Amino acid sequence: MGFAYETEEDVTFDTSLDNIKVVKRDGRLVDFDEKKIYGALLKAEESIHGEINPLTQAQIQHITNLVLTEIKERFTKDIKIYEVQNIVEHTLLDEQAYDLAKEYINYRTQRDFERSKATDINFTIGKLLNKDQTVVNENANKDSDVFNTQRDLTAGIVGKSIGLKMLPPHVANAHQKGDIHYHDLDYHPYTPMTNCCLIDFYSMLNNGFKIGNADVESPKSIQTATAQISQIIANVASSQYGGCSADRIDELLAPFARKNYEKHLADAKNWIEDEAQHDAYAKAKTSKDIYDAMQSLEYEINTLFTSNGQTPFTSLGFGLGTDWFEREIQKSILQIRIKGLGQEHRTAIFPKLIFSIKEGVNRQPGDPNYDIKQLAVECATKRMYPDILNYDKLVELTGSFKAPMGCRSFLQGWKDENGQEVNSGRMNLGVVTLNLPRIALESEGDKDKFWQLFEERLTIAKDALVFRVNRCKEATPENAPILYMYGAFGKRLKRGESVDELFKGKRATVSLGYIGLYEVATEFYGGEWEHNPEAKEFTLDIMRSLKAHADDWGNEYGYHFSVYSTPSESLTDRFCRLDREKFGVVPDITDKDYYTNSFHYDVRKNPTPFEKLDFEKDYPQYCSGGFIHYCEYPVLQQNPKALEAVWDYSYDKIGYLGTNTPIDHCYACGFEGDFEPTERGFKCPQCGNTDPKTCDVVKRTCGYLGNPQARPMVHGRHKEISSRVKHMK
């Protein structure tokens, strides 16, 4: 898209400096690129007058030649970046280009200020006190009005400042500029915390564990088991910074429900003479126990607050168990979610429910659990959850079947030294995300330049990810006993043992994230590129290259480097905001105020659900470390068969699918459906109500649900949600 005038790609200069390297502020040596001087001066001139005339353009080319001549006379090998800038400034003054010199100097000074402010604790705390939304609304799962969240945000400011200073200089510089994003800087690397995980509940519940000063025995009932699960979740969530999941919870809890049944059966034998009634009595009592236990778990998770001021990001995977106990647990989970929380029956935000669909188990009529699939469809039309996992496709994509660790982060298939498949007890060590749209904008339509910049940024991302791994390895088991010593991470280490025992050999993953494939292709092919095979192939080439690099790094270092479709809750705003400042308003790229999540179809368009899934299905094979698909629907409560038709269509095409359907409710006027977006939130279309106390607004934030009335989102995410078009009328 480039400049409207002659660009730096179209000009030649009198002097070549091929033998000179530039020393960047972070210590990197890069090739001298004279076109960057020319381009910077063009942009400075454009910012003064709004346009470039041929006379000024010729003058800028002349000034650039003078700068290059002086550098060639004074330097023979390396030149520091600030020396280049000094020569440019003095040349501008010598040529009496005073306005241009002022603009150029002001820009450089402003960039220095921005770099300093990023590590200035007082400056960022001032933003917190002034309720700057980029600080207080960075995570929609945090209520910035409560004390413990404010304390966590303040601690996070300190953590980010120190963390930036701990990072390799070139990584910190790339993060601050917006070339990459080093995720969760408020926690890591200041502390060597890990990210998300699949908790090994089986080992903990069956072998016992310790929390604080208490040694906890294996539970003797499903009620005690779910109570222990909630305590484990609270402790794990306070010892890491990402999501945690209970995989196959119906199968996990069934043995404890059986203990309830056996107790009730013994009572029946003692008190009921008719032997034919014993089983029915025991099952009726057990069924109520299961329902009460699962309801308690739902309430406990939604009322928990971790030390960082948020509800634990928890996911429950279920749906494959077929015995009576497993089926009762599945039904209870869904019935409780359908009923809702409290007297107003509000939609529960957590735990995220993930229902597994498998051929021969529950996919179609005649399967033993088809009735539960019908209940899951009903639940999704009323509460958006459960999302679904398609068993066979997920195994194909990731190498084994399991729930995601948070909203979309998947472990890859892995076997231990005994050849046993292991999923629970494994974890992710963090994410670094590439700003792909920026690479496209910088390349100005030149694919060779795109791939060159792509490789340069990948080198920085690799260094950042390796740093993440090495920092995590500096933890000790006693830093997070619940994770390393008491069973959440599977193996139980002793004090002084290396936590790397749980990471190495590709047991742990570390994630290379990406954002904005739609915007990348738009730079080269225009905003309507989805039906252009050449454009799509270009985006697939990007994904293939990401995966090839990640695989090479994994083989080199012995950790599973996975490609991850970043949720981009606040990053969709940050990257776009920074690029808008750098490149201006670019149609279909920066003008939207958000970047499109991962490989997703442009949310402003309205393909059918089937067309959307057909378009997106080709990408997850290259990003199996994290992905999810969504379809946008109108109100579905009266048409569950329509949703089931999409689920069925998706089975052999994609691994993971979420449902987005209007479920907002106004308690003031009784409206149910889709609230209208406002500048900072949503309002009832019938009575205009915006009070979170009397309306329940639930939107898909990214991989999980959020209530934007109660906990507002950053501007870019709000704009993205407001732009979504329904895929079915």
# chains A, B, ... in the order shown; residues from 1 in each chain; ligands from 1
>>> residues_around(residues="Glu474 in chain A", least_positions_apart="4", cutoff="9 Å", atoms="only C-alpha atoms", output="list in words")
Pro192, Asn470, Ser498, Val499 and Asp500 of chain A
>>> write_last_selection(atoms="N, CA and C atoms", output="mmCIF file, in the first residue's frame")
data_model
loop_
_atom_site.group_PDB
_atom_site.id
_atom_site.type_symbol
_atom_site.label_atom_id
_atom_site.label_comp_id
_atom_site.auth_asym_id
_atom_site.auth_seq_id
_atom_site.Cartn_x
_atom_site.Cartn_y
_atom_site.Cartn_z
ATOM 1 N N PRO A 192 9.739 -16.793 37.764
ATOM 2 C CA PRO A 192 9.855 -17.872 36.777
ATOM 3 C C PRO A 192 8.588 -18.732 36.707
ATOM 4 N N ASN A 470 14.348 -20.909 29.654
ATOM 5 C CA ASN A 470 15.459 -20.881 30.614
ATOM 6 C C ASN A 470 15.071 -20.202 31.914
ATOM 7 N N SER A 498 15.474 -30.478 40.103
ATOM 8 C CA SER A 498 15.316 -29.542 38.998
ATOM 9 C C SER A 498 13.903 -29.621 38.422
ATOM 10 N N VAL A 499 13.248 -28.463 38.304
ATOM 11 C CA VAL A 499 11.915 -28.440 37.706
ATOM 12 C C VAL A 499 11.973 -28.793 36.228
ATOM 13 N N ASP A 500 13.164 -28.742 35.635
ATOM 14 C CA ASP A 500 13.314 -29.089 34.229
ATOM 15 C C ASP A 500 12.949 -30.542 33.963
#
>>> residues_around(residues="Gly558 in chain A", least_positions_apart="6", cutoff="10 Å", atoms="only C-alpha atoms", output="PyMOL selection string")
chain A and resi 503-509+552
>>> write_last_selection(atoms="C-alpha atoms", output="PDB file, in the first residue's frame")
ATOM      1  CA  PHE A 503       9.719 -29.603  31.042  1.00  0.00           C
ATOM      2  CA  LYS A 504      12.437 -31.282  28.993  1.00  0.00           C
ATOM      3  CA  GLY A 505      12.058 -33.972  26.365  1.00  0.00           C
ATOM      4  CA  LYS A 506       9.118 -32.033  24.879  1.00  0.00           C
ATOM      5  CA  ARG A 507       6.964 -32.730  27.944  1.00  0.00           C
ATOM      6  CA  ALA A 508       6.226 -28.997  28.168  1.00  0.00           C
ATOM      7  CA  THR A 509       5.236 -26.674  25.350  1.00  0.00           C
ATOM      8  CA  ASP A 552      13.351 -27.014  14.108  1.00  0.00           C
TER       9      ASP A 552
END
>>> select_by_dssp(residues="range 478-668 of chain A", states="strand (DSSP E or B)", output="list of chain:residue names")
A:Thr509, A:Val510, A:Ser511, A:Leu512, A:Gly513, A:Tyr514, A:Ile515, A:His560, A:Phe561, A:Ser562, A:Val563, A:Tyr564, A:Ser565, A:Gly626, A:His629, A:Tyr630, A:Cys631, A:Glu632, A:Tyr656, A:Leu657, A:Gly658, A:Thr659, A:Asn660, A:Asp664, A:His665, A:Cys666
>>> residues_around(residues="range 578-592 of chain A", least_positions_apart="6", cutoff="10 Å", atoms="only C-alpha atoms", output="list of chain:residue names")
A:Met1, A:Gly2, A:Phe3, A:Lys43, A:Gln176, A:Lys177, A:Gly178, A:Asp179, A:Asn435, A:Pro437, A:Arg438, A:Leu441, A:Glu442, A:Gly516, A:Tyr518, A:Glu519, A:Val520, A:Ala521, A:Thr522, A:Glu523, A:Gly526, A:Gly527, A:Glu528, A:Asp602, A:Gly716, A:Lys719, A:Glu720, A:Ser723
>>> closest_residue(among="A:Phe524, A:His531, A:Met728, A:Ser409", to="Thr608 in chain A", atoms="only C-alpha atoms")
A:Met728
>>> closest_residue(among="A:Asp247, A:Ile60, A:Leu465, A:Gly317", to="Leu92 in chain A", atoms="only C-alpha atoms")
A:Ile60
>>> closest_residue(among="A:Gln110, A:Asn260, A:Thr678, A:Ser568", to="Thr224 in chain A", atoms="only C-alpha atoms")
A:Asn260
>>> residues_around(residues="Gln231 in chain A", least_positions_apart="2", cutoff="12 Å", atoms="only C-alpha atoms", output="ChimeraX atom specification")
/A:201,204-205,209-212,214,216,224-229,233-238,297,300-301,303-306,312,482,488
>>> select_by_dssp(residues="range 446-617 of chain A", states="helix (DSSP H, G or I)", output="count of residues only")
95
>>> closest_residue(among="A:Thr459, A:Asn555, A:Asn302, A:Thr381", to="Ala348 in chain A", atoms="only C-alpha atoms")
A:Asn302
>>> atom_distance(atom1="CA of Ile249 in chain A", atom2="CA of Asp215 in chain A")
22.9 Å
>>> closest_residue(among="A:Cys196, A:Leu434, A:Arg574, A:Pro365", to="Glu456 in chain A", atoms="only C-alpha atoms")
A:Leu434
>>> closest_residue(among="A:Asn86, A:Thr64, A:Asn423, A:Thr661", to="Ala403 in chain A", atoms="only C-alpha atoms")
A:Asn423
>>> residues_around(residues="Ile329 in chain A", least_positions_apart="2", cutoff="9 Å", atoms="only C-alpha atoms", output="PyMOL selection string")
chain A and resi 249-251+253-254+257+287+290-291+294+318+324-327+331-334
>>> write_last_selection(atoms="C-alpha atoms", output="mmCIF file, in the first residue's frame")
data_model
loop_
_atom_site.group_PDB
_atom_site.id
_atom_site.type_symbol
_atom_site.label_atom_id
_atom_site.label_comp_id
_atom_site.auth_asym_id
_atom_site.auth_seq_id
_atom_site.Cartn_x
_atom_site.Cartn_y
_atom_site.Cartn_z
ATOM 1 C CA ILE A 249 -13.992 -34.826 34.417
ATOM 2 C CA ASP A 250 -16.944 -37.197 34.010
ATOM 3 C CA GLU A 251 -14.584 -40.170 33.898
ATOM 4 C CA LEU A 253 -15.303 -38.270 39.131
ATOM 5 C CA ALA A 254 -17.284 -41.423 38.304
ATOM 6 C CA ALA A 257 -19.818 -41.133 42.631
ATOM 7 C CA SER A 287 -28.083 -38.830 41.212
ATOM 8 C CA ILE A 290 -23.925 -35.869 41.745
ATOM 9 C CA TYR A 291 -26.115 -32.885 40.891
ATOM 10 C CA MET A 294 -21.453 -30.433 40.385
ATOM 11 C CA PHE A 318 -16.296 -34.099 29.393
ATOM 12 C CA TRP A 324 -24.385 -44.614 34.416
ATOM 13 C CA PHE A 325 -22.212 -42.506 36.729
ATOM 14 C CA GLU A 326 -20.380 -40.773 33.889
ATOM 15 C CA ARG A 327 -23.646 -40.024 32.122
ATOM 16 C CA LYS A 331 -26.137 -34.400 32.456
ATOM 17 C CA SER A 332 -25.697 -32.571 35.736
ATOM 18 C CA ILE A 333 -22.983 -30.299 34.311
ATOM 19 C CA LEU A 334 -25.258 -29.280 31.432
#
>>> residues_around(residues="Lys77 in chain A", least_positions_apart="2", cutoff="7 Å", atoms="only C-alpha atoms", output="list in words")
Asn19, Ile20, Lys21, Phe75 and Ile79 of chain A
>>> residues_around(residues="Ile105 in chain A", least_positions_apart="5", cutoff="9 Å", atoms="only C-alpha atoms", output="number ranges by chain")
A: 85, 89, 100, 110
>>> write_last_selection(atoms="all heavy atoms", output="mmCIF file, in the first residue's frame")
data_model
loop_
_atom_site.group_PDB
_atom_site.id
_atom_site.type_symbol
_atom_site.label_atom_id
_atom_site.label_comp_id
_atom_site.auth_asym_id
_atom_site.auth_seq_id
_atom_site.Cartn_x
_atom_site.Cartn_y
_atom_site.Cartn_z
ATOM 1 N N GLN A 85 21.648 9.170 13.282
ATOM 2 C CA GLN A 85 20.628 10.195 13.517
ATOM 3 C C GLN A 85 21.250 11.585 13.697
ATOM 4 O O GLN A 85 20.704 12.589 13.207
ATOM 5 C CB GLN A 85 19.789 9.805 14.738
ATOM 6 C CG GLN A 85 18.920 8.585 14.477
ATOM 7 C CD GLN A 85 18.436 7.902 15.736
ATOM 8 O OE1 GLN A 85 18.756 8.329 16.843
ATOM 9 N NE2 GLN A 85 17.671 6.843 15.571
ATOM 10 N N GLU A 89 20.429 14.895 11.438
ATOM 11 C CA GLU A 89 19.967 16.157 12.019
ATOM 12 C C GLU A 89 20.859 17.329 11.604
ATOM 13 O O GLU A 89 20.363 18.400 11.205
ATOM 14 C CB GLU A 89 19.925 16.030 13.547
ATOM 15 C CG GLU A 89 18.838 15.080 14.035
ATOM 16 C CD GLU A 89 18.992 14.706 15.498
ATOM 17 O OE1 GLU A 89 19.834 15.336 16.186
ATOM 18 O OE2 GLU A 89 18.286 13.784 15.953
ATOM 19 N N LEU A 100 11.698 20.533 8.690
ATOM 20 C CA LEU A 100 11.911 19.092 8.585
ATOM 21 C C LEU A 100 12.824 18.605 9.710
ATOM 22 O O LEU A 100 12.593 17.550 10.311
ATOM 23 C CB LEU A 100 12.510 18.761 7.224
ATOM 24 C CG LEU A 100 12.591 17.278 6.826
ATOM 25 C CD1 LEU A 100 11.231 16.610 6.911
ATOM 26 C CD2 LEU A 100 13.176 17.152 5.412
ATOM 27 N N GLN A 110 10.530 11.821 20.891
ATOM 28 C CA GLN A 110 9.310 11.161 21.360
ATOM 29 C C GLN A 110 9.523 9.661 21.510
ATOM 30 O O GLN A 110 9.049 9.048 22.474
ATOM 31 C CB GLN A 110 8.160 11.439 20.388
ATOM 32 C CG GLN A 110 6.801 10.895 20.826
ATOM 33 C CD GLN A 110 6.315 11.524 22.115
ATOM 34 O OE1 GLN A 110 6.586 12.700 22.367
ATOM 35 N NE2 GLN A 110 5.624 10.759 22.935
#
